[in-house]
Structures are given as C-alpha cells and as structure tokens.
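J.: Pasting a structure here, questions to come.
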Amino acid sequence: MDEVHIPLHAVKGRGAATHLPHRFEVDRRAAFDDGWASLEERLDAAGQPLPTEVVWEDARSAITTNDSPDVGFDRSLNPYRGCEHGCSYCYARPTHSYLNLSPGLDFETKIIAKRNIAQVLRGELARKSYRPQLVAIGSATDCYQPVERELRLTRAVIEVLQQARHPFSLVTKSSGVERDLDLIAPMAAQRLAAVSVTITTLDADLARRLEPRAAAPHRRLRLLRTLAEHGVPCGVSLAPQIPFLTDDMEQVLEAAWDAGARSAFYHVLRLPWEVAPLFRQWLQVHYPQRADRIMARIHDMRGGRDYDSDFATRMKGSGPWADLIGQRFRRAVRKLGFNTQRAEFDTSLFRPAGPAGQVHLF
C-alpha cells in the first residue's frame, strides 16, 4: 500500500496541531485515508475549537527545589501542570508525557490543577526546619493562564505567602496578574514581590500564532505600565529568541523600558524531547517557507542538534549566531539602562504561616 501524506492543519485557538504521541508510548497512530470520507470529516473538525478540561490533583508537596547552575532560583512552585496558552515552544510540554498524556494538544487542553496547593504550602512554611528563600511561582507553566480566573489557585498561594511575609517572584504572559495587585503591591513595598512579563515579539500576528491564548503584546506592555505604577519591581523576559522569527529584540526592550520594566533577560529556543517534533509541525503549519532555514540556524546554535542540555550552553546556545544574539541583547540593555540594580528580597520579615483561619497577634 502506498504511503499517504496527511497535511497538518492549525487547530483553532491552540498551538499544537496534533495529539503527538509521547516518548513512552509503544503504539503509534496516524491518520489514514481509507476512502470512506472519515479523513475529510476529521480535517474539517480540526478547525473547531477544542474545549479545556481541568483535572484535579492533590499535591503532596508545594515547593520544589533545583540545583541547576544556570537557573536564577533554587525554589519554585507551580499551581498547574499543562498550560492553556498553548505556546508552541514551551519547554514544559514533555512533562505531560509522565502523565501518559500527549505533549501536543493534551498539554494545552488537559490542565492538571493542584487544588490543595495553598494548604500544602502553608504546612511546609510552618515546619520548624524551614528557612525562607525566594520562591519562583509559575516557572514551568503560567500561573495566570486562563483557568486561573475561576480556580484562583495562584491567588490562594500568594495569600499564604503574604500572611507569612515570604518573598516570591513570578513570570507571566497574562494580564490576569492585575487582579491580585491588592496582594502583590503591598508585598512589593516590603521587598517581598517582583513580576516579570514575557514579551517575545511586538508582532501581534506572530504572537497570536506562537502563543495563541496569551495576552497580545500591546496588552502585556500595558500590564508592565500598571505594575510599575503600583510600585511593583517589574522586568521583561524575551524568552525564547527564535532566529528569523523574533527579530525585533531591540524594539521589545525599548517598548518595555518605556512601560516601566527595569530588568530584562532572554533565552534562545530550547527543543528538548517532544518539543522538537512539535515545533517542526508548528513551522510546517504556519511558516513552511522558513522552516528549514529556522531549524538550520537552531542546529548552528546547538552543536548540530535540536537541543543540547549542557548547563553551560542550554539557555544561550553556542556558536557565532548565539553570540550575535547575546551581543545584540547586551548592547540594547546597556543603551537603555536595564539591569543596573538587582532586586533585593527581604527574608527577615518571614513568620511561619499558622493553620488556615488563624491570625497573628503581632
């Protein structure tokens, strides 16, 4: 039987085009035209929006630790697994494989919500052995993705941190963080909170394809301005930088500075595990004429591979093209005045959080 080529189609409102099998699956399934018009029906259905399903999970721990030398924090907390934003490049997609779910469409349509995350966090902070250090919220998946509007798990976590006077930072692509400024702004005044906003590009059409359910670039700039006006130390993340796609780094930095951001950082595109075939699919759907050129440049920055996990190079890449991106970033940052002062967080105010509902006298 001759092999049949099945074209990829964009799924409305989603970043992935397929339920890509995860790396632990033994069986592989692919669409096939059997002559009964079922393929056409499936392709027609691909244009319809896919609903989001929330799967509840009881977390056994809240704070996770890492000893990676290229990560600027050693403690993190994630209220959700999976992310509705559907960013095609998300390095957290392979984590859904451990749940026997697809890193493709399942990652952005089946959201695992840790319903007891605030209670577990309260218990961890109350341990006699606990010593406060900065906690990064939403380091894997966005803590203000759309489901947070109703579930409010991130807000519950921040409430616990506020009661304990515990410092935190977070990075987001969502304007939903504005809802919690009543908690974040007073903590920022005590040097207990900071927020970074990811802006990969100012090109609205590219952003809509690259990060389909995240806030538009102009809305993220307005978010930065709002944070700055409320006294919240805020920065801009330009991660990831994708060659021949996100070419407006200098314009993003200038716009972010004007909006009030005073710190900035970037990473180059990372394609670990299933992210590599998923990103290739995304390129074939949205930018087929540039796909080979983009992948060739990624290989130039990764020693000829899709990804190199070496701590020394995984965030910034290596080679002349990676060096060029770094030079552009450093020059723009220096010109505008970013990163002249490092945010300092105060751990001396920490007091263990008591049981839910219990208040402190002092």
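Ligands are numbered from 1 in the order shown, chains are lettered A, B, ... in the order of the structure tokens, and residues start at 1 in each chain.
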Can you tell me which residues surround segment 267-282 of chain A at a distance of at most 8 Å, considering only C-alpha atoms, apart from same-chain residues fewer than 2 positions away, and format the answer as number ranges by chain?
T.: A: 8, 15-17, 20, 22-23, 88-91, 93-94, 103-104, 238-242, 265, 284-287, 291, 298, 306-307, 309, 314-317, 322
J.: Would you please extract all helix (DSSP H, G or I) residues from segment 47-169 of chain A, as assigned by DSSP on the backbone, and give them as a PyMOL selection string?
T.: chain A and resi 93-99+105-109+117-125+148-151+153-164
J.: Generate a file of the selected residues that holds N, CA, C and O atoms, formatted as a compact mmCIF listing (two decimals), in the first residue's frame.
T.:
```txt
# COMPACT_ATOMS: atom_id res chain seq x y z
N ARG A 93 6.30 21.16 27.93
CA ARG A 93 5.40 20.20 27.28
C ARG A 93 5.74 18.74 27.58
O ARG A 93 4.85 17.93 27.83
N PRO A 94 7.03 18.34 27.57
CA PRO A 94 7.34 16.93 27.82
C PRO A 94 6.92 16.42 29.19
O PRO A 94 6.88 15.20 29.41
N THR A 95 6.61 17.30 30.15
CA THR A 95 6.20 16.83 31.46
C THR A 95 4.85 16.11 31.40
O THR A 95 4.56 15.29 32.27
N HIS A 96 4.03 16.40 30.41
CA HIS A 96 2.76 15.69 30.28
C HIS A 96 2.97 14.22 29.91
O HIS A 96 2.07 13.40 30.10
N SER A 97 4.12 13.90 29.36
CA SER A 97 4.40 12.52 29.00
C SER A 97 4.40 11.62 30.23
O SER A 97 4.01 10.45 30.15
N TYR A 98 4.83 12.15 31.37
CA TYR A 98 4.85 11.36 32.59
C TYR A 98 3.46 11.05 33.10
O TYR A 98 3.27 10.18 33.96
N LEU A 99 2.46 11.77 32.59
CA LEU A 99 1.07 11.54 32.96
C LEU A 99 0.35 10.68 31.93
O LEU A 99 -0.87 10.53 32.00
N LEU A 105 -1.59 18.49 21.94
CA LEU A 105 -2.86 19.11 22.30
C LEU A 105 -3.28 18.82 23.73
O LEU A 105 -3.95 19.64 24.37
N ASP A 106 -2.93 17.65 24.27
CA ASP A 106 -3.30 17.36 25.67
C ASP A 106 -2.67 18.37 26.62
O ASP A 106 -3.29 18.75 27.62
N PHE A 107 -1.45 18.80 26.35
CA PHE A 107 -0.76 19.73 27.24
C PHE A 107 -1.54 21.03 27.40
O PHE A 107 -1.52 21.63 28.48
N GLU A 108 -2.21 21.45 26.35
CA GLU A 108 -2.92 22.72 26.42
C GLU A 108 -4.43 22.59 26.57
O GLU A 108 -5.13 23.58 26.70
N THR A 109 -4.95 21.36 26.57
CA THR A 109 -6.39 21.16 26.76
C THR A 109 -6.72 20.37 28.01
O THR A 109 -7.86 20.41 28.49
N ILE A 117 -2.99 23.11 46.81
CA ILE A 117 -1.64 23.67 46.80
C ILE A 117 -1.42 24.69 47.92
O ILE A 117 -0.36 24.73 48.55
N ALA A 118 -2.42 25.51 48.21
CA ALA A 118 -2.26 26.54 49.24
C ALA A 118 -2.15 25.91 50.63
O ALA A 118 -1.32 26.32 51.45
N GLN A 119 -2.96 24.88 50.91
CA GLN A 119 -2.91 24.22 52.21
C GLN A 119 -1.57 23.50 52.41
O GLN A 119 -0.98 23.54 53.49
N VAL A 120 -1.09 22.85 51.35
CA VAL A 120 0.20 22.16 51.44
C VAL A 120 1.32 23.17 51.66
O VAL A 120 2.23 22.94 52.47
N LEU A 121 1.28 24.28 50.94
CA LEU A 121 2.30 25.32 51.11
C LEU A 121 2.30 25.85 52.53
O LEU A 121 3.36 26.04 53.15
N ARG A 122 1.11 26.08 53.09
CA ARG A 122 1.03 26.59 54.45
C ARG A 122 1.73 25.64 55.43
O ARG A 122 2.45 26.06 56.33
N GLY A 123 1.51 24.35 55.23
CA GLY A 123 2.14 23.37 56.10
C GLY A 123 3.65 23.34 55.95
O GLY A 123 4.38 23.21 56.94
N GLU A 124 4.14 23.50 54.73
CA GLU A 124 5.60 23.49 54.50
C GLU A 124 6.26 24.70 55.13
O GLU A 124 7.35 24.60 55.71
N LEU A 125 5.62 25.86 55.03
CA LEU A 125 6.21 27.07 55.61
C LEU A 125 6.21 27.02 57.14
O LEU A 125 7.01 27.70 57.79
N GLU A 148 -7.07 30.16 35.69
CA GLU A 148 -6.86 30.79 36.99
C GLU A 148 -7.98 31.78 37.32
O GLU A 148 -8.26 32.04 38.50
N ARG A 149 -8.65 32.30 36.29
CA ARG A 149 -9.75 33.24 36.56
C ARG A 149 -10.79 32.63 37.48
O ARG A 149 -11.31 33.30 38.38
N GLU A 150 -11.13 31.36 37.25
CA GLU A 150 -12.14 30.70 38.05
C GLU A 150 -11.54 29.92 39.22
O GLU A 150 -12.10 29.91 40.32
N LEU A 151 -10.41 29.27 39.01
CA LEU A 151 -9.86 28.38 40.04
C LEU A 151 -9.16 29.13 41.16
O LEU A 151 -9.13 28.67 42.30
N LEU A 153 -6.17 29.45 42.19
CA LEU A 153 -5.15 28.73 42.96
C LEU A 153 -3.92 29.60 43.19
O LEU A 153 -3.32 29.57 44.27
N THR A 154 -3.53 30.37 42.18
CA THR A 154 -2.37 31.25 42.34
C THR A 154 -2.65 32.31 43.39
O THR A 154 -1.79 32.62 44.21
N ARG A 155 -3.84 32.87 43.37
CA ARG A 155 -4.18 33.87 44.39
C ARG A 155 -4.12 33.25 45.79
O ARG A 155 -3.62 33.89 46.72
N ALA A 156 -4.62 32.02 45.93
CA ALA A 156 -4.58 31.37 47.24
C ALA A 156 -3.15 31.19 47.71
O ALA A 156 -2.85 31.35 48.91
N VAL A 157 -2.24 30.86 46.80
CA VAL A 157 -0.83 30.70 47.14
C VAL A 157 -0.24 32.04 47.59
O VAL A 157 0.48 32.10 48.61
N ILE A 158 -0.53 33.10 46.86
CA ILE A 158 0.01 34.42 47.22
C ILE A 158 -0.55 34.88 48.57
O ILE A 158 0.15 35.53 49.36
N GLU A 159 -1.79 34.54 48.85
CA GLU A 159 -2.37 34.89 50.16
C GLU A 159 -1.58 34.23 51.29
O GLU A 159 -1.31 34.86 52.32
N VAL A 160 -1.20 32.96 51.10
CA VAL A 160 -0.39 32.27 52.12
C VAL A 160 0.97 32.94 52.25
O VAL A 160 1.45 33.18 53.37
N LEU A 161 1.60 33.28 51.14
CA LEU A 161 2.90 33.94 51.19
C LEU A 161 2.80 35.32 51.84
O LEU A 161 3.72 35.74 52.56
N GLN A 162 1.71 36.02 51.58
CA GLN A 162 1.53 37.34 52.20
C GLN A 162 1.42 37.20 53.72
O GLN A 162 2.03 37.96 54.48
N GLN A 163 0.62 36.24 54.17
CA GLN A 163 0.46 36.03 55.61
C GLN A 163 1.78 35.66 56.28
O GLN A 163 2.04 36.05 57.42
N ALA A 164 2.63 34.92 55.55
CA ALA A 164 3.91 34.51 56.10
C ALA A 164 5.02 35.52 55.84
O ALA A 164 6.15 35.33 56.29
```
